[in-house]
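Visitor: Before anything else, here's the structure in question.
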Amino acid sequence: MRALISTYDKRGLEEFARGLAELGWELVASGGTAAFLEELGLEVSRVESLTDVPELLGGRVKTLHPRIHAGILARRDREDDAATLEEHAIEPFDLVCVNLYPFEEAAARRGTTEDEAVELIDVGGPSMLRGAAKNFAHVAPVCRPEQYDALLAELRAEGRIAEATRRQLAAEAFATTAAYDAAIAAWFAEVEQFPSRLTLAFTKELDLAYGENPHQHAAYYRENGARRHLLSRVEQLHGRELSFNNLNDLAGAVRLLAEFSLPACVIVKHANPCGAALGASGLAAYELALAGDPTSAYGGIVALNRPVDVELGEQLAEQFVEVLIAPGYDDAALEALRRKPATRILVDRERRTWTAGELDLKRVPGGLLVQHADFGVDDRESMQVVSGAPTEAQWGDLLFAWRVCKHVASNAIVLANGLATVGIGAGQMSRVDAVRIAVEKARAYGHDLDGAAMASDAFFPFPDGPRLALAAGVTSVIEPGGSKRDADVVAAVDGAGAAMVFTGRRHFRH
């Protein structure tokens with residue numbers, strides 16, 4: 001039995017190569033891999049001894065040779081293939097172990113030059129893997145160190161690698177080379193906003209118990225090449241396994257939390273904020289966010305951008321929280337929180353920021369809608385005051401409500417007072433109904449709407465929505481503007497002696 005080995009990542013290779021040698025396998029290796037194995041005292045045939053050609057072009061050409069690829073691709077059940085191997089004195093390979101140059105990691109690293117990235121585009125490695133995967137009926141393609149132990153165990157127990165195993169290895173090999181090519185294609189296509197072919201690749205991070213509903217299977221995948229993802233640098237300290245709905249809600253929470261640098265708390269339920277607030281501390285922000293809609297907050301996701309101290313931990317432990325995420329926890333706070341066995345406690349060491357140019361993807365039957373993510377903070381200086389003269393306190397509530405509104409499902413209305421939400425109307429087909437719901441929620445929890453601010457994610461087509469809010473006590477309104485009836489809407493606000501700001505930018509979220 002014969003193995004061809006050419007690996008950039010040497011993790012686990014010593015144990016794997018030794019295991020193969022102990023089982024009587026002949027080892028053939030290229031360049032640095034051969035030197036590595038020789039230093040371990042293993043007997044290795046170098047690739048150039050088979051090809052009679054040294055490495056060329058500074059190592060760019062090592063394995064691209066008929067004596068290598070014929071040994072990989074030869075079909076053992078074909079007399080003509082066997083005759084060809086015999087004619088040219090080529091021995092076949094039974095296993096090809098290759099992992100690829102780390103192009104993706106290098107390209108994502110700041111400071112990597114174009115020349116450096118190009119030199120990490122592997123040519124020979126993917127060719128050998130694809131050849132072995134195509135010929136899986138006779139050859140085992142091995143592309144990850146994580147596969148080594150199971151393969152050795154199978155060889156020791158059975159004396160061979162089963163066809164079902166080789167087929168699975170082939171699937172993983174083709175997926176690996178496809179993802180590798182996708183990362184390279186994406187890197188070359190960065191000069192285009194929307195290239196004619198969009199090639200994306202994802203790697204599974206977690207198997208999930210089920211999807212949105214128990215009858216749906218689910219998993220979480222991270223995008224290859226992304227500098228950060230939802231669970232990057234996130235550690236679970238306690239609680240049940242994360243579910244599909246947990247992660248969907250968590251995504252909404254961390255997106256909104258990234259809008260703020262002051263101490264902030266966001267509570268999300270069914271992917272919508274039900275409470276958000278800024279405060280002098282994490283505790284103050286949490287109390288205000290919870291008060292916004294304590295009923296909806298039951299079983300929600302709580303996200304904070306400040307560490308949790310013991311006082312805040314004790315208060316959080318009194319609530320039913322599905323997921324809690326924060327940058328850190330006092331030991332005493334963790335002790336209190338762990339009294340709830342189900343609460344998923346996450347520590348987030350990632351600095352969450354908005355990334356310009358990040359793509360937002362929405363699946364539709366048989367296709368994909370692609371757009372730039374709605375990132376960044378709208379600039380107050382670019383906004384237009386169209387009624388009254390907002391005070392600095394009003395400006396604070398208007399801008400706060402506007403940032404929250406961007407993360408509420410359309411049609412979206414957010415009422416805010418004192419840098420905290422006091423009423424949210426989300427996902428309504430009618431904007432005036434969204435206003436009505438926000439006002440009713442505020443009243444249900446005894447919130448004072450006198451002097452409150454209202455944000456609308458899109459323009460008011462009629463003055464009926466603002467009139468409802470103004471009658472309830474709202475004194476400032478922020479919306480994009482752009483309706484044919486803007487003049488009627490502004491007149492209604494102006495007639496009530498309230499202030500109004502047009503942002504010039506809409507924030508639909510469907």
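Chain lettering (A, B, ...) mirrors the order of the structure tokens, residue numbering begins at 1 for each chain separately, and ligand numbering begins at 1 in order of display.
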List the spatial neighbours of stretch 425-434 of chain A as a PDB file with C-alpha atoms, in the first residue's frame - criterion: any atom at most 12 Å away, only C-alpha atoms, same-chain residues fewer than 5 positions off excluded.
Guide:
```pdb
ATOM      1  CA  LYS A 269     -37.504  38.470  21.116  1.00  0.00           C
ATOM      2  CA  HIS A 270     -38.277  36.753  17.811  1.00  0.00           C
ATOM      3  CA  ALA A 271     -35.493  38.736  16.086  1.00  0.00           C
ATOM      4  CA  ASN A 272     -37.027  42.096  17.110  1.00  0.00           C
ATOM      5  CA  PRO A 273     -35.857  44.421  19.877  1.00  0.00           C
ATOM      6  CA  CYS A 274     -38.496  44.553  22.605  1.00  0.00           C
ATOM      7  CA  GLY A 275     -36.353  46.785  24.819  1.00  0.00           C
ATOM      8  CA  ASP A 293     -41.682  45.811  27.607  1.00  0.00           C
ATOM      9  CA  VAL A 404     -33.089  51.130  17.223  1.00  0.00           C
ATOM     10  CA  CYS A 405     -35.709  51.501  14.483  1.00  0.00           C
ATOM     11  CA  LYS A 406     -33.238  50.275  11.859  1.00  0.00           C
ATOM     12  CA  HIS A 407     -33.227  46.870  13.612  1.00  0.00           C
ATOM     13  CA  VAL A 408     -37.001  46.472  13.990  1.00  0.00           C
ATOM     14  CA  ALA A 409     -38.976  44.575  11.336  1.00  0.00           C
ATOM     15  CA  SER A 410     -40.868  46.819   8.923  1.00  0.00           C
ATOM     16  CA  ASN A 411     -43.189  48.564   9.175  1.00  0.00           C
ATOM     17  CA  ALA A 412     -41.360  49.795  12.276  1.00  0.00           C
ATOM     18  CA  ILE A 413     -42.145  52.458  14.867  1.00  0.00           C
ATOM     19  CA  VAL A 414     -40.015  53.145  17.951  1.00  0.00           C
ATOM     20  CA  LEU A 415     -40.994  55.450  20.818  1.00  0.00           C
ATOM     21  CA  ALA A 416     -38.165  56.565  23.111  1.00  0.00           C
ATOM     22  CA  VAL A 439     -48.544  53.749  21.800  1.00  0.00           C
ATOM     23  CA  GLU A 440     -50.684  51.000  23.303  1.00  0.00           C
ATOM     24  CA  LYS A 441     -47.618  49.143  24.570  1.00  0.00           C
ATOM     25  CA  ALA A 442     -46.275  52.314  26.171  1.00  0.00           C
ATOM     26  CA  MET A 454     -40.917  58.723  17.636  1.00  0.00           C
ATOM     27  CA  ALA A 455     -38.874  57.098  14.868  1.00  0.00           C
ATOM     28  CA  SER A 456     -40.340  55.573  11.709  1.00  0.00           C
ATOM     29  CA  ASP A 457     -38.169  53.403   9.449  1.00  0.00           C
ATOM     30  CA  ALA A 458     -39.855  54.803   6.310  1.00  0.00           C
ATOM     31  CA  PHE A 459     -41.884  57.890   5.485  1.00  0.00           C
ATOM     32  CA  PHE A 460     -45.431  58.453   6.708  1.00  0.00           C
ATOM     33  CA  PRO A 461     -47.704  58.344   3.655  1.00  0.00           C
ATOM     34  CA  PHE A 462     -50.422  60.227   5.570  1.00  0.00           C
ATOM     35  CA  PRO A 463     -50.484  62.405   8.699  1.00  0.00           C
ATOM     36  CA  ASP A 464     -52.676  59.900  10.599  1.00  0.00           C
ATOM     37  CA  GLY A 465     -49.729  58.072  12.181  1.00  0.00           C
ATOM     38  CA  PRO A 466     -48.011  61.197  13.531  1.00  0.00           C
ATOM     39  CA  ARG A 467     -51.342  62.546  14.822  1.00  0.00           C
ATOM     40  CA  LEU A 468     -51.863  59.400  16.913  1.00  0.00           C
ATOM     41  CA  ALA A 469     -48.417  59.782  18.453  1.00  0.00           C
ATOM     42  CA  PHE A 508     -36.649  48.830   5.802  1.00  0.00           C
ATOM     43  CA  ARG A 509     -35.928  45.409   7.326  1.00  0.00           C
ATOM     44  CA  HIS A 510     -38.106  42.636   5.941  1.00  0.00           C
TER      45      HIS A 510
END
```
Visitor: List every residue of stretch 223-373 of chain A that DSSP, applied to the backbone of this structure, places in strand (DSSP E or B), and write the result as a PDB file with N, CA and C atoms, in the first residue's frame.
Guide:
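Output file states_27.pdb follows:
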```pdb
ATOM      1  N   GLU A 223     -19.218  31.885   7.381  1.00  0.00           N
ATOM      2  CA  GLU A 223     -18.765  32.173   6.024  1.00  0.00           C
ATOM      3  C   GLU A 223     -17.246  32.121   5.952  1.00  0.00           C
ATOM      4  N   VAL A 234     -16.575  33.872  20.852  1.00  0.00           N
ATOM      5  CA  VAL A 234     -17.669  33.730  21.825  1.00  0.00           C
ATOM      6  C   VAL A 234     -17.516  32.380  22.515  1.00  0.00           C
ATOM      7  N   GLU A 235     -17.578  32.396  23.837  1.00  0.00           N
ATOM      8  CA  GLU A 235     -17.463  31.162  24.621  1.00  0.00           C
ATOM      9  C   GLU A 235     -18.716  30.983  25.464  1.00  0.00           C
ATOM     10  N   GLN A 236     -19.285  29.783  25.418  1.00  0.00           N
ATOM     11  CA  GLN A 236     -20.446  29.494  26.260  1.00  0.00           C
ATOM     12  C   GLN A 236     -19.965  29.006  27.612  1.00  0.00           C
ATOM     13  N   LEU A 237     -20.390  29.707  28.658  1.00  0.00           N
ATOM     14  CA  LEU A 237     -19.956  29.387  30.013  1.00  0.00           C
ATOM     15  C   LEU A 237     -20.935  28.498  30.763  1.00  0.00           C
ATOM     16  N   HIS A 238     -22.190  28.461  30.296  1.00  0.00           N
ATOM     17  CA  HIS A 238     -23.222  27.767  31.078  1.00  0.00           C
ATOM     18  C   HIS A 238     -24.460  27.622  30.216  1.00  0.00           C
ATOM     19  N   ALA A 264     -24.903  50.029  27.163  1.00  0.00           N
ATOM     20  CA  ALA A 264     -26.174  49.748  26.493  1.00  0.00           C
ATOM     21  C   ALA A 264     -26.635  48.338  26.809  1.00  0.00           C
ATOM     22  N   CYS A 265     -27.947  48.172  26.748  1.00  0.00           N
ATOM     23  CA  CYS A 265     -28.563  46.854  26.881  1.00  0.00           C
ATOM     24  C   CYS A 265     -29.628  46.720  25.805  1.00  0.00           C
ATOM     25  N   VAL A 266     -29.653  45.564  25.168  1.00  0.00           N
ATOM     26  CA  VAL A 266     -30.642  45.257  24.140  1.00  0.00           C
ATOM     27  C   VAL A 266     -31.309  43.943  24.519  1.00  0.00           C
ATOM     28  N   ILE A 267     -32.629  43.920  24.468  1.00  0.00           N
ATOM     29  CA  ILE A 267     -33.382  42.683  24.706  1.00  0.00           C
ATOM     30  C   ILE A 267     -34.152  42.369  23.426  1.00  0.00           C
ATOM     31  N   VAL A 268     -33.958  41.165  22.903  1.00  0.00           N
ATOM     32  CA  VAL A 268     -34.536  40.783  21.615  1.00  0.00           C
ATOM     33  C   VAL A 268     -35.438  39.574  21.793  1.00  0.00           C
ATOM     34  N   LYS A 269     -36.566  39.597  21.116  1.00  0.00           N
ATOM     35  CA  LYS A 269     -37.504  38.470  21.116  1.00  0.00           C
ATOM     36  C   LYS A 269     -37.992  38.271  19.688  1.00  0.00           C
ATOM     37  N   ASN A 272     -36.700  40.672  16.993  1.00  0.00           N
ATOM     38  CA  ASN A 272     -37.027  42.096  17.110  1.00  0.00           C
ATOM     39  C   ASN A 272     -36.624  42.621  18.480  1.00  0.00           C
ATOM     40  N   PRO A 273     -36.084  43.828  18.555  1.00  0.00           N
ATOM     41  CA  PRO A 273     -35.857  44.421  19.877  1.00  0.00           C
ATOM     42  C   PRO A 273     -37.190  44.655  20.570  1.00  0.00           C
ATOM     43  N   CYS A 274     -37.314  44.210  21.816  1.00  0.00           N
ATOM     44  CA  CYS A 274     -38.496  44.553  22.605  1.00  0.00           C
ATOM     45  C   CYS A 274     -38.126  45.551  23.692  1.00  0.00           C
ATOM     46  N   GLY A 275     -36.819  45.777  23.876  1.00  0.00           N
ATOM     47  CA  GLY A 275     -36.353  46.785  24.819  1.00  0.00           C
ATOM     48  C   GLY A 275     -34.908  47.126  24.514  1.00  0.00           C
ATOM     49  N   ALA A 276     -34.587  48.405  24.580  1.00  0.00           N
ATOM     50  CA  ALA A 276     -33.212  48.853  24.372  1.00  0.00           C
ATOM     51  C   ALA A 276     -33.029  50.150  25.134  1.00  0.00           C
ATOM     52  N   ALA A 277     -31.845  50.324  25.702  1.00  0.00           N
ATOM     53  CA  ALA A 277     -31.617  51.534  26.484  1.00  0.00           C
ATOM     54  C   ALA A 277     -30.129  51.795  26.639  1.00  0.00           C
ATOM     55  N   LEU A 278     -29.804  53.063  26.839  1.00  0.00           N
ATOM     56  CA  LEU A 278     -28.480  53.488  27.266  1.00  0.00           C
ATOM     57  C   LEU A 278     -28.576  53.903  28.723  1.00  0.00           C
ATOM     58  N   GLY A 300     -36.318  36.140  26.512  1.00  0.00           N
ATOM     59  CA  GLY A 300     -35.633  36.805  25.413  1.00  0.00           C
ATOM     60  C   GLY A 300     -34.126  36.671  25.469  1.00  0.00           C
ATOM     61  N   ILE A 301     -33.483  37.351  24.537  1.00  0.00           N
ATOM     62  CA  ILE A 301     -32.025  37.422  24.459  1.00  0.00           C
ATOM     63  C   ILE A 301     -31.607  38.752  25.063  1.00  0.00           C
ATOM     64  N   VAL A 302     -30.717  38.732  26.038  1.00  0.00           N
ATOM     65  CA  VAL A 302     -30.225  39.962  26.664  1.00  0.00           C
ATOM     66  C   VAL A 302     -28.764  40.139  26.254  1.00  0.00           C
ATOM     67  N   ALA A 303     -28.473  41.293  25.642  1.00  0.00           N
ATOM     68  CA  ALA A 303     -27.110  41.587  25.192  1.00  0.00           C
ATOM     69  C   ALA A 303     -26.642  42.885  25.829  1.00  0.00           C
ATOM     70  N   LEU A 304     -25.444  42.861  26.387  1.00  0.00           N
ATOM     71  CA  LEU A 304     -24.865  44.031  27.052  1.00  0.00           C
ATOM     72  C   LEU A 304     -23.473  44.291  26.490  1.00  0.00           C
ATOM     73  N   VAL A 308     -20.769  42.183  33.355  1.00  0.00           N
ATOM     74  CA  VAL A 308     -21.858  42.004  34.313  1.00  0.00           C
ATOM     75  C   VAL A 308     -21.264  41.896  35.718  1.00  0.00           C
ATOM     76  N   VAL A 321     -34.258  34.303  31.143  1.00  0.00           N
ATOM     77  CA  VAL A 321     -33.446  34.761  30.019  1.00  0.00           C
ATOM     78  C   VAL A 321     -32.988  33.530  29.249  1.00  0.00           C
ATOM     79  N   GLU A 322     -33.296  33.470  27.955  1.00  0.00           N
ATOM     80  CA  GLU A 322     -32.853  32.344  27.131  1.00  0.00           C
ATOM     81  C   GLU A 322     -31.346  32.392  26.903  1.00  0.00           C
ATOM     82  N   VAL A 323     -30.855  33.571  26.480  1.00  0.00           N
ATOM     83  CA  VAL A 323     -29.428  33.749  26.194  1.00  0.00           C
ATOM     84  C   VAL A 323     -28.983  35.086  26.760  1.00  0.00           C
ATOM     85  N   LEU A 324     -27.848  35.071  27.430  1.00  0.00           N
ATOM     86  CA  LEU A 324     -27.230  36.293  27.952  1.00  0.00           C
ATOM     87  C   LEU A 324     -25.842  36.402  27.339  1.00  0.00           C
ATOM     88  N   ILE A 325     -25.546  37.557  26.734  1.00  0.00           N
ATOM     89  CA  ILE A 325     -24.226  37.758  26.152  1.00  0.00           C
ATOM     90  C   ILE A 325     -23.668  39.090  26.629  1.00  0.00           C
ATOM     91  N   ALA A 326     -22.407  39.068  27.062  1.00  0.00           N
ATOM     92  CA  ALA A 326     -21.736  40.254  27.586  1.00  0.00           C
ATOM     93  C   ALA A 326     -20.235  40.050  27.429  1.00  0.00           C
ATOM     94  N   TYR A 329     -17.922  38.723  33.045  1.00  0.00           N
ATOM     95  CA  TYR A 329     -18.768  38.501  34.219  1.00  0.00           C
ATOM     96  C   TYR A 329     -17.888  38.437  35.461  1.00  0.00           C
ATOM     97  N   ARG A 344     -28.418  30.203  28.776  1.00  0.00           N
ATOM     98  CA  ARG A 344     -27.168  30.096  28.019  1.00  0.00           C
ATOM     99  C   ARG A 344     -26.362  31.371  28.264  1.00  0.00           C
ATOM    100  N   ILE A 345     -25.240  31.245  28.946  1.00  0.00           N
ATOM    101  CA  ILE A 345     -24.412  32.397  29.293  1.00  0.00           C
ATOM    102  C   ILE A 345     -23.223  32.433  28.342  1.00  0.00           C
ATOM    103  N   LEU A 346     -23.113  33.502  27.581  1.00  0.00           N
ATOM    104  CA  LEU A 346     -22.039  33.646  26.594  1.00  0.00           C
ATOM    105  C   LEU A 346     -21.151  34.825  26.964  1.00  0.00           C
ATOM    106  N   VAL A 347     -19.853  34.636  26.827  1.00  0.00           N
ATOM    107  CA  VAL A 347     -18.915  35.750  26.962  1.00  0.00           C
ATOM    108  C   VAL A 347     -18.405  36.072  25.559  1.00  0.00           C
ATOM    109  N   ASP A 348     -18.479  37.340  25.199  1.00  0.00           N
ATOM    110  CA  ASP A 348     -18.149  37.786  23.843  1.00  0.00           C
ATOM    111  C   ASP A 348     -16.894  38.645  23.884  1.00  0.00           C
ATOM    112  N   LEU A 359     -22.022  41.760   2.750  1.00  0.00           N
ATOM    113  CA  LEU A 359     -23.199  41.404   1.969  1.00  0.00           C
ATOM    114  C   LEU A 359     -24.293  40.817   2.854  1.00  0.00           C
ATOM    115  N   ASP A 360     -25.511  41.174   2.525  1.00  0.00           N
ATOM    116  CA  ASP A 360     -26.691  40.633   3.184  1.00  0.00           C
ATOM    117  C   ASP A 360     -27.368  39.715   2.175  1.00  0.00           C
ATOM    118  N   LEU A 361     -27.649  38.490   2.564  1.00  0.00           N
ATOM    119  CA  LEU A 361     -28.172  37.479   1.650  1.00  0.00           C
ATOM    120  C   LEU A 361     -29.540  37.022   2.107  1.00  0.00           C
ATOM    121  N   LYS A 362     -30.464  36.911   1.171  1.00  0.00           N
ATOM    122  CA  LYS A 362     -31.794  36.395   1.485  1.00  0.00           C
ATOM    123  C   LYS A 362     -32.136  35.317   0.459  1.00  0.00           C
ATOM    124  N   ARG A 363     -32.448  34.121   0.964  1.00  0.00           N
ATOM    125  CA  ARG A 363     -32.829  33.043   0.064  1.00  0.00           C
ATOM    126  C   ARG A 363     -34.238  33.260  -0.454  1.00  0.00           C
ATOM    127  N   VAL A 364     -34.434  33.019  -1.738  1.00  0.00           N
ATOM    128  CA  VAL A 364     -35.741  32.941  -2.361  1.00  0.00           C
ATOM    129  C   VAL A 364     -35.770  31.627  -3.128  1.00  0.00           C
ATOM    130  N   GLY A 367     -33.019  30.777  -5.728  1.00  0.00           N
ATOM    131  CA  GLY A 367     -32.111  31.895  -5.945  1.00  0.00           C
ATOM    132  C   GLY A 367     -31.740  32.613  -4.673  1.00  0.00           C
ATOM    133  N   LEU A 368     -31.119  33.762  -4.857  1.00  0.00           N
ATOM    134  CA  LEU A 368     -30.549  34.512  -3.745  1.00  0.00           C
ATOM    135  C   LEU A 368     -30.664  35.992  -4.046  1.00  0.00           C
ATOM    136  N   LEU A 369     -31.205  36.751  -3.104  1.00  0.00           N
ATOM    137  CA  LEU A 369     -31.185  38.214  -3.187  1.00  0.00           C
ATOM    138  C   LEU A 369     -29.960  38.702  -2.420  1.00  0.00           C
ATOM    139  N   VAL A 370     -29.173  39.543  -3.048  1.00  0.00           N
ATOM    140  CA  VAL A 370     -27.916  40.001  -2.454  1.00  0.00           C
ATOM    141  C   VAL A 370     -27.898  41.519  -2.429  1.00  0.00           C
ATOM    142  N   GLN A 371     -27.536  42.072  -1.276  1.00  0.00           N
ATOM    143  CA  GLN A 371     -27.407  43.512  -1.143  1.00  0.00           C
ATOM    144  C   GLN A 371     -26.308  43.817  -0.139  1.00  0.00           C
ATOM    145  N   HIS A 372     -25.832  45.063  -0.158  1.00  0.00           N
ATOM    146  CA  HIS A 372     -24.926  45.481   0.901  1.00  0.00           C
ATOM    147  C   HIS A 372     -25.712  45.576   2.201  1.00  0.00           C
TER     148      HIS A 372
END
```
Visitor: Of the candidates A:Gly451, A:Gly239, A:Gly418, A:Gly376, which shows the shortest atom-to-atom distance to A:Ala285, using only C-alpha atoms?
Guide: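 Ranking A:Gly451, A:Gly239, A:Gly418, A:Gly376 by distance to A:Ala285, first place goes to A:Gly418.
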Visitor: From the list A:Ile478, A:Val142, A:Val47, A:Ala498, which residue is nearest A:Met383 when using only C-alpha atoms?
Guide: A:Ile478
Visitor: Set the distance at 9 Å and use only C-alpha atoms: which residues neighbour A:Leu312 once local chain neighbours fewer than 5 positions away are removed? I'd like the list as a list in words.
Guide: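 Result of the neighbour search: Gly282, Leu283, Ala284, Tyr286, Ala317 and Ala333 of chain A.
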Visitor: Output N, CA and C atoms for every residue in the selection just made, as a compact mmCIF listing (two decimals), in the first residue's frame.
Guide:
```txt
# COMPACT_ATOMS: atom_id res chain seq x y z
N GLY A 282 -24.12 49.27 33.04
CA GLY A 282 -24.84 48.15 32.48
C GLY A 282 -26.13 47.86 33.22
N LEU A 283 -26.09 47.98 34.54
CA LEU A 283 -27.29 47.76 35.36
C LEU A 283 -28.38 48.75 35.02
N ALA A 284 -28.02 50.03 34.95
CA ALA A 284 -29.02 51.06 34.63
C ALA A 284 -29.62 50.82 33.26
N TYR A 286 -29.86 47.96 31.66
CA TYR A 286 -30.71 46.78 31.70
C TYR A 286 -32.07 47.09 32.31
N ALA A 317 -30.64 37.08 37.13
CA ALA A 317 -30.99 35.74 37.60
C ALA A 317 -32.44 35.65 38.02
N ALA A 333 -21.23 37.29 39.99
CA ALA A 333 -22.34 37.39 39.04
C ALA A 333 -22.60 36.04 38.37
```
Visitor: Find the residues around A:Ala132 up to 9 Å (only C-alpha atoms counted), leave out those fewer than 3 positions away in its own chain, and share them as a list in words.
Guide: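 Selected residues are His69, Ile72, Leu73, Phe93, Asp94, Leu95, Val96, Ser127, Met128, Leu129, Asn135, Phe136, His138, Val139, Ala140, Pro141, Val142, Ala170 and Ala173 of chain A.
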Visitor: Assign secondary structure with DSSP using the backbone only, and return the residues of stretch 172-420 of chain A in alpha helix (DSSP H) as an NGL selection string.
Guide: :A and (172-188 or 244-257 or 282-292 or 294-297 or 310-317 or 331-337 or 392-405)
Visitor: Mind checking which residues fall within 12 Å of A:Glu392, counting only C-alpha atoms, ignoring those fewer than 5 positions away in the same chain, and posting them as an mmCIF file with N, CA and C atoms, in the first residue's frame?
Guide:
```cif
data_model
loop_
_atom_site.group_PDB
_atom_site.id
_atom_site.type_symbol
_atom_site.label_atom_id
_atom_site.label_comp_id
_atom_site.auth_asym_id
_atom_site.auth_seq_id
_atom_site.Cartn_x
_atom_site.Cartn_y
_atom_site.Cartn_z
ATOM 1 N N ARG A 380 -25.977 63.038 11.900
ATOM 2 C CA ARG A 380 -26.931 64.098 12.254
ATOM 3 C C ARG A 380 -26.784 65.301 11.327
ATOM 4 N N ASP A 397 -32.827 61.564 22.052
ATOM 5 C CA ASP A 397 -33.861 60.530 21.922
ATOM 6 C C ASP A 397 -34.168 60.221 20.468
ATOM 7 N N LEU A 398 -34.166 61.247 19.601
ATOM 8 C CA LEU A 398 -34.441 61.012 18.182
ATOM 9 C C LEU A 398 -33.396 60.101 17.559
ATOM 10 N N LEU A 399 -32.123 60.397 17.809
ATOM 11 C CA LEU A 399 -31.063 59.590 17.211
ATOM 12 C C LEU A 399 -31.022 58.187 17.804
ATOM 13 N N GLY A 418 -35.841 59.436 27.335
ATOM 14 C CA GLY A 418 -34.713 59.260 28.241
ATOM 15 C C GLY A 418 -33.733 58.207 27.773
ATOM 16 N N SER A 476 -41.450 64.966 19.324
ATOM 17 C CA SER A 476 -40.461 65.024 18.249
ATOM 18 C C SER A 476 -40.556 63.746 17.424
ATOM 19 N N ALA A 499 -41.387 68.976 17.009
ATOM 20 C CA ALA A 499 -40.228 69.040 16.116
ATOM 21 C C ALA A 499 -40.222 67.814 15.200
#
```
Visitor: Rounded to one decimal place, report the atom CA of A:Glu205-atom CA of A:Leu231 distance in Å.
Guide: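 According to the coordinates, atom CA of A:Glu205 and atom CA of A:Leu231 are separated by 8.8 Å.
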Visitor: Using only C-alpha atoms, which of the listed residues (A:Ala179, A:Leu419, A:Ala209, A:Glu14) sits closest to A:Gln394?
Guide: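 Closest to A:Gln394, using only C-alpha atoms: A:Leu419.
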Visitor: Within 12 Å of A:Glu55, counting only C-alpha atoms, which residues show up once you throw out same-chain ones fewer than 6 positions away? Write them as number ranges by chain, please.
Guide: A: 30-32, 46-49, 61-65
Visitor: Name the closest residue to A:Leu247 among the candidates A:Asp81, A:Tyr210, A:Ser281, A:Asp9; distances are taken between atoms, counting only C-alpha atoms.
Guide: A:Tyr210
